[in-house]
$ cat run-v6.cif   # mmCIF, C-alpha atoms
data_upload
loop_
_atom_site.label_atom_id
_atom_site.label_comp_id
_atom_site.auth_asym_id
_atom_site.auth_seq_id
_atom_site.Cartn_x
_atom_site.Cartn_y
_atom_site.Cartn_z
CA MET D 1 0.00 0.00 0.00
CA GLY D 2 2.87 2.34 0.82
CA GLN D 3 4.43 1.63 -2.56
CA GLN D 4 1.18 2.50 -4.28
CA GLU D 5 1.00 5.79 -2.40
CA ALA D 6 4.61 6.58 -3.32
CA ALA D 7 3.93 5.82 -6.97
CA PHE D 8 0.86 8.04 -6.85
CA ARG D 9 2.87 10.88 -5.34
CA ARG D 10 5.60 10.56 -7.96
CA ALA D 11 3.03 10.82 -10.73
CA ALA D 12 1.01 13.59 -9.08
CA PRO D 13 1.38 17.20 -10.15
CA GLY D 14 3.20 19.28 -7.51
CA LYS D 15 5.24 16.39 -6.17
CA GLN D 16 5.58 16.07 -2.42
CA PHE D 17 9.38 16.30 -2.37
CA ILE D 18 10.80 19.25 -4.27
CA GLY D 19 14.37 20.48 -3.90
CA GLY D 20 17.75 19.08 -2.93
CA ASP D 21 16.63 17.51 0.37
CA SER D 22 14.39 14.93 -1.26
CA ALA D 23 16.45 11.97 -0.01
CA ARG D 24 16.27 13.15 3.59
CA GLN D 25 12.59 13.99 3.28
CA SER D 26 11.90 10.64 1.64
CA LYS D 27 13.72 8.82 4.44
CA ALA D 28 11.76 10.72 7.08
CA ALA D 29 8.50 9.93 5.26
CA ARG D 30 9.37 6.22 5.12
CA GLN D 31 10.19 6.20 8.83
CA ALA D 32 6.93 7.96 9.64
CA GLN D 33 5.05 5.45 7.50
CA ARG D 34 6.79 2.56 9.28
CA ARG D 35 5.89 3.96 12.70
CA LYS D 36 2.28 4.38 11.58
CA VAL D 37 2.11 0.81 10.28
CA GLU D 38 3.74 -0.54 13.48
CA ARG D 39 1.21 1.32 15.62
CA MET D 40 -1.67 0.00 13.51
CA ALA D 41 -0.27 -3.53 13.90
CA GLU D 42 -0.08 -3.10 17.69
CA VAL D 43 -3.68 -1.91 17.86
CA ASP D 44 -4.79 -4.77 15.61
CA ALA D 45 -2.91 -7.33 17.73
CA ALA D 46 -4.45 -5.96 20.92
CA THR D 47 -7.92 -6.05 19.38
CA ARG D 48 -7.44 -9.62 18.20
CA THR D 49 -6.16 -10.69 21.60
CA ALA D 50 -9.18 -9.13 23.29
CA GLU D 51 -11.51 -10.85 20.84
CA GLU D 52 -9.80 -14.22 21.24
CA LEU D 53 -10.00 -14.01 25.00
CA GLY D 54 -13.64 -13.08 24.82
CA THR D 55 -13.03 -10.00 26.93
CA PRO D 56 -14.83 -7.00 25.50
CA LEU D 57 -12.76 -3.87 25.09
CA SER D 58 -15.24 -1.95 27.25
CA ALA D 59 -14.52 -4.33 30.15
CA ILE D 60 -10.80 -3.77 29.78
CA LEU D 61 -11.30 0.00 29.77
CA ALA D 62 -13.60 -0.20 32.79
CA GLU D 63 -10.98 -2.18 34.68
CA LEU D 64 -8.36 0.39 33.71
CA VAL D 65 -10.54 3.19 35.09
CA GLN D 66 -11.11 1.29 38.33
CA ASP D 67 -7.40 0.60 38.77
CA THR D 68 -6.54 4.22 38.04
CA THR D 69 -9.10 5.39 40.60
CA ARG D 70 -7.74 2.99 43.20
CA LEU D 71 -4.17 4.13 42.54
CA ALA D 72 -5.15 7.81 42.75
CA ARG D 73 -6.97 7.23 46.04
CA THR D 74 -3.93 5.40 47.44
CA LEU D 75 -1.59 8.22 46.40
CA VAL D 76 -3.87 10.89 47.87
CA PHE D 77 -4.23 9.18 51.26
CA ALA D 78 -0.66 7.85 51.53
CA PRO D 79 0.81 10.97 53.23
CA PHE D 80 -1.95 10.97 55.84
CA ARG D 81 -1.43 7.29 56.61
CA ILE D 82 2.32 7.79 56.89
CA ALA D 83 1.82 10.73 59.26
CA GLN D 84 -0.64 8.69 61.32
CA ALA D 85 1.83 5.80 61.55
CA LEU D 86 4.62 8.13 62.64
CA MET D 87 2.48 9.73 65.37
CA ARG D 88 1.49 6.44 66.97
CA ARG D 89 3.25 5.68 70.22
CA PRO D 90 5.36 2.57 70.34
CA ARG D 91 3.54 -0.11 72.31
CA PRO D 92 5.28 -1.56 75.35
CA ALA D 93 6.48 -5.10 74.86
#

$ encode --input "run-v6.cif" --output "structure tokens"
Amino acid sequence: MGQQEAAFRRAAPGKQFIGGDSARQSKAARQAQRRKVERMAEVDAATRTAEELGTPLSAILAELVQDTTRLARTLVFAPFRIAQALMRRPRPA
């Protein structure tokens, strides 16, 4: 698909790469295209994994929200719990 797009650009009026830096621009464009394709492959793999496991994506997102909320609550109350632990008197043995 990328080769088809490149061929289309080469044949198009007002080519994308004009000037002496075309090799550098072309290399950057290929790298950007690779990153885009890699990201699409990651998303596709994650979607397939979720489908194969039978876990709906909404359930995964709901669990993520719950875990984030739990972590935020822990981080908010941690200083108070530490202060409370430090203020407790040592118990006689």

$ atom_distance --input "run-v6.cif" --atom1 "CA of Gln31 (chain D)" --atom2 "CA of Gly2 (chain D)"
11.5 Å

$ atom_distance --input "run-v6.cif" --atom1 "CA of Ala72 (chain D)" --atom2 "CA of Thr49 (chain D)"
28.1 Å

$ residues_around --input "run-v6.cif" --residues "Ala29 (chain D)" --least-positions-apart "4" --cutoff "12 Å" --atoms "all atoms listed in the file" --output "PDB file with C-alpha atoms, in the coordinates of the input"
ATOM      1  CA  GLY D   2       2.870   2.340   0.820  1.00  0.00           C
ATOM      2  CA  GLU D   5       1.000   5.790  -2.400  1.00  0.00           C
ATOM      3  CA  ALA D   6       4.610   6.580  -3.320  1.00  0.00           C
ATOM      4  CA  GLN D  16       5.580  16.070  -2.420  1.00  0.00           C
ATOM      5  CA  PHE D  17       9.380  16.300  -2.370  1.00  0.00           C
ATOM      6  CA  SER D  22      14.390  14.930  -1.260  1.00  0.00           C
ATOM      7  CA  ALA D  23      16.450  11.970  -0.010  1.00  0.00           C
ATOM      8  CA  ARG D  24      16.270  13.150   3.590  1.00  0.00           C
ATOM      9  CA  GLN D  25      12.590  13.990   3.280  1.00  0.00           C
ATOM     10  CA  GLN D  33       5.050   5.450   7.500  1.00  0.00           C
ATOM     11  CA  ARG D  34       6.790   2.560   9.280  1.00  0.00           C
ATOM     12  CA  ARG D  35       5.890   3.960  12.700  1.00  0.00           C
ATOM     13  CA  LYS D  36       2.280   4.380  11.580  1.00  0.00           C
TER      14      LYS D  36
END

$ atom_distance --input "run-v6.cif" --atom1 "CA of Arg39 (chain D)" --atom2 "CA of Leu61 (chain D)"
18.9 Å
